[in-house]
Amino acid sequence: MAYTKRSDGRKFEETRPITAKVGVVPNADGSAMFAFGNTIAIASVYGPKQLHPQHMQNPSTGILRVNYNMMSFSVSDRIRPGPSKRSTEISKISEWALNSAILLEEYPNTVVDVHIMIQQADASTRCAGINAASLALAHAGVPMKDLVASVSIGKMDKQLVVDVDKEEEDYKEGEGATDIAMSFMGAKKLTHIQLDGKISSKELKEATEMGKKACEKIIEIQKKALKEAMELVK
Amino acid sequence: MIEDSKLTSKRIAEYLSNGKRFDGRKVDEFRDIEIDVNLSKKAEGGAKVKIGKTEVWVGVKMSVGEPYPDSLDKGNLMVTSELTPLSHSKYEYGPPKFPTIELGRLVDRGIRESGFIDLKKLCIVEGEKVWNIFIDIYSINDDGNLLDASFIGTVAALKSTKIPHYDEKEGKIDYEKKPKDNLPLTENVPMNFSIYKIGGGLVLDPIQEEESAAEGRLILAAIPDKPLKICSMQKSQTMDLDTDEFGKILDLVEQKYDSFTKEINKKIDEAIKKNK
């Protein structure tokens with residue numbers, strides 16, 4: 001049976017309802033929450049600050065360090081606190097996704113620490129995490145070329161869809177589910193892509209176009225959240 | 001972050017010796033407290049607690065496992081805490097340091113010794129199968145007094161907990177089925193007080209700078225019996241107390257307990273109602 005209808009009634013190119021808010025961690029230099037429906041991420045940013053130990057410092061630029069972790073209660077089967085192979089990889093992937101956008105040449109020997117935590121998971125957590133982190137970096141006033149937006153494109157049997165939820169991630173009919181997480185800087189340049197499943201290069205090209213369009217919308221929402229916070233300060 | 005300077009600590013102590021605080025509060029006055037039990041749909045129970053700018057999230061997860069050899073007919077309780085680098089620049093990743101371990105231990109002791117959770121009712125098959133209750137505490141923003149916030153969050157999270165559906169045949173939890181039973185709790189709702197000694201005076205609910213200026217703290221949890229019953233206690237850090245001071249702390253808790261506990265439990269119950 002072909003995939004003709006999404007279980008929550010969304011159009012194929014539609015994300016779940018997005019919520020974005022900055023300033024959720026007052027201690028941090030910048031912070032934000034970002035949600036795709038029931039997937040909720042928060043992120044905080046500290047820095048640029050002196051990097052210790054000294055041998056890790058780069059005298060020509062500041063560096064970005066990202067940590068991604070899921071909270072134990074964010075999924076049905078409790079996750080043991082602490083890093084896993086999965087979280088270690090996603091941390092690095094997120095760091096690479098954001099790194100092209102930030103300009104830290106003026107801050108040699110420093111580090112910008114980004115901490116991402118997943119409060120509630122319903123698939124696409126890395127995308128929500130990258131979106132929260134990008135917002136938090138902007139909120140912290142870290143110099144950036146542009147915002148980074150992230151979204152997952154799915155292929156359910158033969159149908160491409162935007163923003164995969166858990167039910168879709170587990171889709172088994174026909175060709176099954178292919179999940180492609182991707183991030184774009186300024187909705188133009190691809191800064192991250194990961195794929196699990198089976199897909200032709202033609203479909204993959206279509207998928208990235210779909211992702212780019214979705215990221216355009218996400219960036220608008222991110223900008224709105226930043227503006228709202230600025231107005232609150234006024 | 002620059003460590004709170006000795007100068008600030010000295011000034012805080014001086015102020016407090018005249019019964020004054022930087023933010024104008026009385027020595028035994030808490031900041032505003034907000035409680036929300038809408039934390040995660042994937043958790044069996046949970047709470048977000050704010051005390052002033054301090055924020056803590058507490059989640060409850062349950063699973064089925066084997067009982068401990070010394071309590072074959074009781075459910076297991078496990079409390080873990082994480083002082084997250086997200087919540088303050090002084091916290092780092094890596095193996096838990098002492099403050100992280102102490103926080104989990106103190107909440108565990110207060111909850112366990114109060115008898116708040118009826119662990120006997122969480123036995124499925126004696127000696128074989130019991131419910132595990134995992135309480136996980138995360139700091140979201142540390143502006144002092146994480147412990148009281150964590151304790152309030154734990155009580156709220158437990159009160160909001162629903163036991164998931166356990167499929168005896170399959171031997172696993174069915175998360176698709178809507179849970180209906182509340183966690184078996186008793187009347188012994190515990191409350192925690194952390195009393196800090198700063199500049200010779202006693203202070204409740206310190207902000208970050210006050211916490212750094214403190215010589216130490218006495219932590220105690222009590223249940224609302226008549227008279228009040230203290231169910232756990234720990235003196236933390238190197239401070240010493242003479243017995244008069246110790247008596248004063250007990251008097252302060254006795255005097256504060258009823259109104260504070262009532263207010264908190266009212267907030268918890270309202271939050272649970274709102275989330276239904």
# chains A, B, ... in the order shown; residues from 1 in each chain; ligands from 1
>>> interface_residues(of="chain A", to="chain B", cutoff="8 Å", atoms="only C-alpha atoms", output="PyMOL selection string")
chain A and resi 25-28+43-46+72-76+78+82+114-116+119-121
>>> write_last_selection(atoms="N, CA, C and O atoms", output="PDB file, in the first residue's frame")
ATOM      1  N   VAL A  25      17.589  29.805  29.615  1.00  0.00           N
ATOM      2  CA  VAL A  25      18.574  29.567  30.688  1.00  0.00           C
ATOM      3  C   VAL A  25      19.257  30.895  31.027  1.00  0.00           C
ATOM      4  O   VAL A  25      20.202  31.310  30.350  1.00  0.00           O
ATOM      5  N   PRO A  26      18.782  31.585  32.075  1.00  0.00           N
ATOM      6  CA  PRO A  26      19.299  32.926  32.384  1.00  0.00           C
ATOM      7  C   PRO A  26      20.807  32.980  32.633  1.00  0.00           C
ATOM      8  O   PRO A  26      21.439  33.987  32.300  1.00  0.00           O
ATOM      9  N   ASN A  27      21.406  31.938  33.182  1.00  0.00           N
ATOM     10  CA  ASN A  27      22.853  31.946  33.455  1.00  0.00           C
ATOM     11  C   ASN A  27      23.693  32.022  32.181  1.00  0.00           C
ATOM     12  O   ASN A  27      24.819  32.499  32.211  1.00  0.00           O
ATOM     13  N   ALA A  28      23.174  31.474  31.093  1.00  0.00           N
ATOM     14  CA  ALA A  28      23.966  31.323  29.876  1.00  0.00           C
ATOM     15  C   ALA A  28      24.092  32.652  29.137  1.00  0.00           C
ATOM     16  O   ALA A  28      23.300  33.567  29.330  1.00  0.00           O
ATOM     17  N   ALA A  43      18.892  24.468  24.382  1.00  0.00           N
ATOM     18  CA  ALA A  43      20.332  24.638  24.199  1.00  0.00           C
ATOM     19  C   ALA A  43      20.790  25.882  24.931  1.00  0.00           C
ATOM     20  O   ALA A  43      20.046  26.860  25.035  1.00  0.00           O
ATOM     21  N   SER A  44      22.009  25.807  25.475  1.00  0.00           N
ATOM     22  CA  SER A  44      22.600  26.997  26.077  1.00  0.00           C
ATOM     23  C   SER A  44      24.012  27.181  25.543  1.00  0.00           C
ATOM     24  O   SER A  44      24.670  26.217  25.144  1.00  0.00           O
ATOM     25  N   VAL A  45      24.452  28.431  25.525  1.00  0.00           N
ATOM     26  CA  VAL A  45      25.774  28.787  24.987  1.00  0.00           C
ATOM     27  C   VAL A  45      26.553  29.573  26.034  1.00  0.00           C
ATOM     28  O   VAL A  45      26.012  30.502  26.643  1.00  0.00           O
ATOM     29  N   TYR A  46      27.811  29.160  26.254  1.00  0.00           N
ATOM     30  CA  TYR A  46      28.715  29.911  27.132  1.00  0.00           C
ATOM     31  C   TYR A  46      29.963  30.258  26.325  1.00  0.00           C
ATOM     32  O   TYR A  46      30.622  29.381  25.785  1.00  0.00           O
ATOM     33  N   SER A  72      17.070  11.450  30.467  1.00  0.00           N
ATOM     34  CA  SER A  72      16.700  10.047  30.698  1.00  0.00           C
ATOM     35  C   SER A  72      15.225   9.774  30.411  1.00  0.00           C
ATOM     36  O   SER A  72      14.863   8.709  29.964  1.00  0.00           O
ATOM     37  N   PHE A  73      14.387  10.785  30.668  1.00  0.00           N
ATOM     38  CA  PHE A  73      12.941  10.591  30.557  1.00  0.00           C
ATOM     39  C   PHE A  73      12.381  11.102  29.230  1.00  0.00           C
ATOM     40  O   PHE A  73      11.174  11.271  29.084  1.00  0.00           O
ATOM     41  N   SER A  74      13.256  11.353  28.250  1.00  0.00           N
ATOM     42  CA  SER A  74      12.787  11.903  26.976  1.00  0.00           C
ATOM     43  C   SER A  74      12.234  10.824  26.049  1.00  0.00           C
ATOM     44  O   SER A  74      11.625  11.124  25.035  1.00  0.00           O
ATOM     45  N   VAL A  75      12.472   9.566  26.391  1.00  0.00           N
ATOM     46  CA  VAL A  75      11.978   8.440  25.590  1.00  0.00           C
ATOM     47  C   VAL A  75      11.301   7.410  26.508  1.00  0.00           C
ATOM     48  O   VAL A  75      11.483   7.459  27.718  1.00  0.00           O
ATOM     49  N   SER A  76      10.581   6.463  25.898  1.00  0.00           N
ATOM     50  CA  SER A  76       9.829   5.495  26.708  1.00  0.00           C
ATOM     51  C   SER A  76      10.742   4.646  27.588  1.00  0.00           C
ATOM     52  O   SER A  76      10.504   4.487  28.777  1.00  0.00           O
ATOM     53  N   ARG A  78      13.878   4.327  29.616  1.00  0.00           N
ATOM     54  CA  ARG A  78      14.797   5.293  30.231  1.00  0.00           C
ATOM     55  C   ARG A  78      16.226   5.162  29.687  1.00  0.00           C
ATOM     56  O   ARG A  78      16.756   4.068  29.565  1.00  0.00           O
ATOM     57  N   GLY A  82      24.603  10.156  30.926  1.00  0.00           N
ATOM     58  CA  GLY A  82      25.996  10.063  30.476  1.00  0.00           C
ATOM     59  C   GLY A  82      26.075   9.837  28.992  1.00  0.00           C
ATOM     60  O   GLY A  82      25.071   9.516  28.348  1.00  0.00           O
ATOM     61  N   VAL A 114      28.520  24.875  23.446  1.00  0.00           N
ATOM     62  CA  VAL A 114      27.080  24.751  23.194  1.00  0.00           C
ATOM     63  C   VAL A 114      26.593  23.453  23.835  1.00  0.00           C
ATOM     64  O   VAL A 114      27.174  22.389  23.596  1.00  0.00           O
ATOM     65  N   HIS A 115      25.584  23.554  24.673  1.00  0.00           N
ATOM     66  CA  HIS A 115      25.036  22.370  25.335  1.00  0.00           C
ATOM     67  C   HIS A 115      23.605  22.157  24.862  1.00  0.00           C
ATOM     68  O   HIS A 115      22.767  23.037  25.037  1.00  0.00           O
ATOM     69  N   ILE A 116      23.366  20.986  24.269  1.00  0.00           N
ATOM     70  CA  ILE A 116      22.020  20.678  23.771  1.00  0.00           C
ATOM     71  C   ILE A 116      21.440  19.554  24.623  1.00  0.00           C
ATOM     72  O   ILE A 116      22.115  18.549  24.865  1.00  0.00           O
ATOM     73  N   GLN A 119      14.539  17.235  25.746  1.00  0.00           N
ATOM     74  CA  GLN A 119      13.575  17.099  26.839  1.00  0.00           C
ATOM     75  C   GLN A 119      12.558  16.008  26.540  1.00  0.00           C
ATOM     76  O   GLN A 119      12.173  15.232  27.413  1.00  0.00           O
ATOM     77  N   GLN A 120      12.132  15.955  25.300  1.00  0.00           N
ATOM     78  CA  GLN A 120      11.108  15.000  24.896  1.00  0.00           C
ATOM     79  C   GLN A 120      11.388  14.612  23.448  1.00  0.00           C
ATOM     80  O   GLN A 120      11.656  15.481  22.624  1.00  0.00           O
ATOM     81  N   ALA A 121      11.384  13.303  23.172  1.00  0.00           N
ATOM     82  CA  ALA A 121      11.798  12.847  21.842  1.00  0.00           C
ATOM     83  C   ALA A 121      10.655  12.185  21.091  1.00  0.00           C
ATOM     84  O   ALA A 121       9.980  11.302  21.608  1.00  0.00           O
TER      85      ALA A 121
END
>>> residues_around(residues="range 128-139 of chain A", least_positions_apart="3", cutoff="9 Å", atoms="only C-alpha atoms", output="number ranges by chain")
A: 20-23, 29-36, 39-46, 66, 68, 94-95, 97-98, 101-102, 112, 114-118, 124-125, 142-144, 146-151, 183, 218-219, 222-223, 225-226, 229
>>> write_last_selection(atoms="C-alpha atoms", output="PDB file, in the first residue's frame")
ATOM      1  CA  ALA A  20      10.863  28.527  19.293  1.00  0.00           C
ATOM      2  CA  LYS A  21      11.832  30.665  22.250  1.00  0.00           C
ATOM      3  CA  VAL A  22      15.081  32.269  23.365  1.00  0.00           C
ATOM      4  CA  GLY A  23      16.328  33.051  26.880  1.00  0.00           C
ATOM      5  CA  ASP A  29      25.250  33.919  27.411  1.00  0.00           C
ATOM      6  CA  GLY A  30      22.556  32.682  25.041  1.00  0.00           C
ATOM      7  CA  SER A  31      19.879  30.003  25.175  1.00  0.00           C
ATOM      8  CA  ALA A  32      16.840  28.705  23.354  1.00  0.00           C
ATOM      9  CA  MET A  33      14.222  25.990  23.083  1.00  0.00           C
ATOM     10  CA  PHE A  34      13.046  24.587  19.773  1.00  0.00           C
ATOM     11  CA  ALA A  35      10.243  22.086  19.222  1.00  0.00           C
ATOM     12  CA  PHE A  36       8.896  20.120  16.260  1.00  0.00           C
ATOM     13  CA  THR A  39      10.223  16.722  19.942  1.00  0.00           C
ATOM     14  CA  ILE A  40      11.609  19.371  22.283  1.00  0.00           C
ATOM     15  CA  ALA A  41      15.243  20.516  22.553  1.00  0.00           C
ATOM     16  CA  ILE A  42      16.878  23.168  24.703  1.00  0.00           C
ATOM     17  CA  ALA A  43      20.332  24.638  24.199  1.00  0.00           C
ATOM     18  CA  SER A  44      22.600  26.997  26.077  1.00  0.00           C
ATOM     19  CA  VAL A  45      25.774  28.787  24.987  1.00  0.00           C
ATOM     20  CA  TYR A  46      28.715  29.911  27.132  1.00  0.00           C
ATOM     21  CA  VAL A  66      28.984  21.099  20.981  1.00  0.00           C
ATOM     22  CA  TYR A  68      24.215  16.763  22.643  1.00  0.00           C
ATOM     23  CA  SER A  94      25.916  19.179  15.269  1.00  0.00           C
ATOM     24  CA  GLU A  95      29.260  20.908  15.793  1.00  0.00           C
ATOM     25  CA  ALA A  97      26.591  21.680  11.108  1.00  0.00           C
ATOM     26  CA  LEU A  98      27.057  24.926  13.033  1.00  0.00           C
ATOM     27  CA  ALA A 101      28.229  29.678  10.230  1.00  0.00           C
ATOM     28  CA  ILE A 102      30.207  31.118  13.110  1.00  0.00           C
ATOM     29  CA  VAL A 112      32.255  28.665  22.580  1.00  0.00           C
ATOM     30  CA  VAL A 114      27.080  24.751  23.194  1.00  0.00           C
ATOM     31  CA  HIS A 115      25.036  22.370  25.335  1.00  0.00           C
ATOM     32  CA  ILE A 116      22.020  20.678  23.771  1.00  0.00           C
ATOM     33  CA  MET A 117      19.553  18.621  25.800  1.00  0.00           C
ATOM     34  CA  ILE A 118      16.533  16.741  24.517  1.00  0.00           C
ATOM     35  CA  SER A 124      14.270  14.333  14.544  1.00  0.00           C
ATOM     36  CA  THR A 125      15.897  15.243  17.863  1.00  0.00           C
ATOM     37  CA  VAL A 142      28.310  35.108  18.663  1.00  0.00           C
ATOM     38  CA  PRO A 143      29.250  36.557  15.232  1.00  0.00           C
ATOM     39  CA  MET A 144      27.551  34.463  12.555  1.00  0.00           C
ATOM     40  CA  ASP A 146      23.792  33.300   8.951  1.00  0.00           C
ATOM     41  CA  LEU A 147      21.453  31.157  10.974  1.00  0.00           C
ATOM     42  CA  VAL A 148      21.579  27.390  10.576  1.00  0.00           C
ATOM     43  CA  ALA A 149      18.320  25.475  10.206  1.00  0.00           C
ATOM     44  CA  SER A 150      17.889  21.734  10.286  1.00  0.00           C
ATOM     45  CA  VAL A 151      15.128  19.348   9.247  1.00  0.00           C
ATOM     46  CA  SER A 183      21.052  21.310   7.898  1.00  0.00           C
ATOM     47  CA  ILE A 218      12.438  27.456   9.923  1.00  0.00           C
ATOM     48  CA  ILE A 219      14.878  30.359   9.639  1.00  0.00           C
ATOM     49  CA  GLN A 222      14.057  31.493  14.337  1.00  0.00           C
ATOM     50  CA  LYS A 223      14.317  35.149  13.355  1.00  0.00           C
ATOM     51  CA  ALA A 225      11.857  34.263  18.106  1.00  0.00           C
ATOM     52  CA  LEU A 226      14.999  36.416  18.264  1.00  0.00           C
ATOM     53  CA  ALA A 229      13.187  38.459  22.713  1.00  0.00           C
TER      54      ALA A 229
END
>>> closest_residue(among="B:Asn76, B:Thr186, B:Thr100, B:Ser160", to="Asp118 in chain B", atoms="only C-alpha atoms")
B:Thr186
>>> select_by_dssp(residues="range 58-133 of chain A", states="strand (DSSP E or B)", output="JSON, numbers by chain")
{"A": [63, 64, 65, 66, 67, 68, 69, 70, 102, 110, 111, 112, 113, 114, 115, 116, 117, 118, 119, 120]}
>>> select_by_dssp(residues="range 10-171 of chain A", states="helix (DSSP H, G or I)", output="JSON, numbers by chain")
{"A": [54, 55, 56, 85, 86, 87, 88, 89, 90, 91, 92, 93, 94, 95, 96, 97, 98, 99, 125, 126, 127, 128, 129, 130, 131, 132, 133, 134, 135, 136, 137, 138, 139, 166, 167, 168, 169]}
>>> write_last_selection(atoms="C-alpha atoms", output="PDB file, in the first residue's frame")
ATOM      1  CA  GLN A  54      46.004  25.524  26.883  1.00  0.00           C
ATOM      2  CA  HIS A  55      47.251  22.969  24.341  1.00  0.00           C
ATOM      3  CA  MET A  56      43.738  22.814  22.862  1.00  0.00           C
ATOM      4  CA  LYS A  85      28.186   6.349  21.040  1.00  0.00           C
ATOM      5  CA  ARG A  86      25.056   7.840  19.532  1.00  0.00           C
ATOM      6  CA  SER A  87      25.190  11.071  21.543  1.00  0.00           C
ATOM      7  CA  THR A  88      28.925  11.439  20.921  1.00  0.00           C
ATOM      8  CA  GLU A  89      28.379  11.207  17.169  1.00  0.00           C
ATOM      9  CA  ILE A  90      25.427  13.581  17.148  1.00  0.00           C
ATOM     10  CA  SER A  91      27.443  16.076  19.215  1.00  0.00           C
ATOM     11  CA  LYS A  92      30.140  16.128  16.532  1.00  0.00           C
ATOM     12  CA  ILE A  93      27.639  16.202  13.648  1.00  0.00           C
ATOM     13  CA  SER A  94      25.916  19.179  15.269  1.00  0.00           C
ATOM     14  CA  GLU A  95      29.260  20.908  15.793  1.00  0.00           C
ATOM     15  CA  TRP A  96      30.083  20.517  12.082  1.00  0.00           C
ATOM     16  CA  ALA A  97      26.591  21.680  11.108  1.00  0.00           C
ATOM     17  CA  LEU A  98      27.057  24.926  13.033  1.00  0.00           C
ATOM     18  CA  ASN A  99      30.769  25.516  12.585  1.00  0.00           C
ATOM     19  CA  THR A 125      15.897  15.243  17.863  1.00  0.00           C
ATOM     20  CA  ARG A 126      19.245  16.185  16.281  1.00  0.00           C
ATOM     21  CA  CYS A 127      17.450  18.603  13.953  1.00  0.00           C
ATOM     22  CA  ALA A 128      15.553  20.223  16.820  1.00  0.00           C
ATOM     23  CA  GLY A 129      18.845  20.348  18.757  1.00  0.00           C
ATOM     24  CA  ILE A 130      20.742  22.074  15.935  1.00  0.00           C
ATOM     25  CA  ASN A 131      17.888  24.571  15.511  1.00  0.00           C
ATOM     26  CA  ALA A 132      17.915  25.354  19.241  1.00  0.00           C
ATOM     27  CA  ALA A 133      21.712  25.652  19.224  1.00  0.00           C
ATOM     28  CA  SER A 134      21.754  27.987  16.217  1.00  0.00           C
ATOM     29  CA  LEU A 135      19.197  30.205  17.948  1.00  0.00           C
ATOM     30  CA  ALA A 136      21.155  30.137  21.215  1.00  0.00           C
ATOM     31  CA  LEU A 137      24.378  31.151  19.388  1.00  0.00           C
ATOM     32  CA  ALA A 138      22.605  34.097  17.790  1.00  0.00           C
ATOM     33  CA  HIS A 139      21.035  34.985  21.138  1.00  0.00           C
ATOM     34  CA  LYS A 166       8.564   8.495  15.408  1.00  0.00           C
ATOM     35  CA  GLU A 167       5.690   6.698  13.746  1.00  0.00           C
ATOM     36  CA  GLU A 168       7.134   7.493  10.313  1.00  0.00           C
ATOM     37  CA  GLU A 169      10.645   6.581  11.389  1.00  0.00           C
TER      38      GLU A 169
END
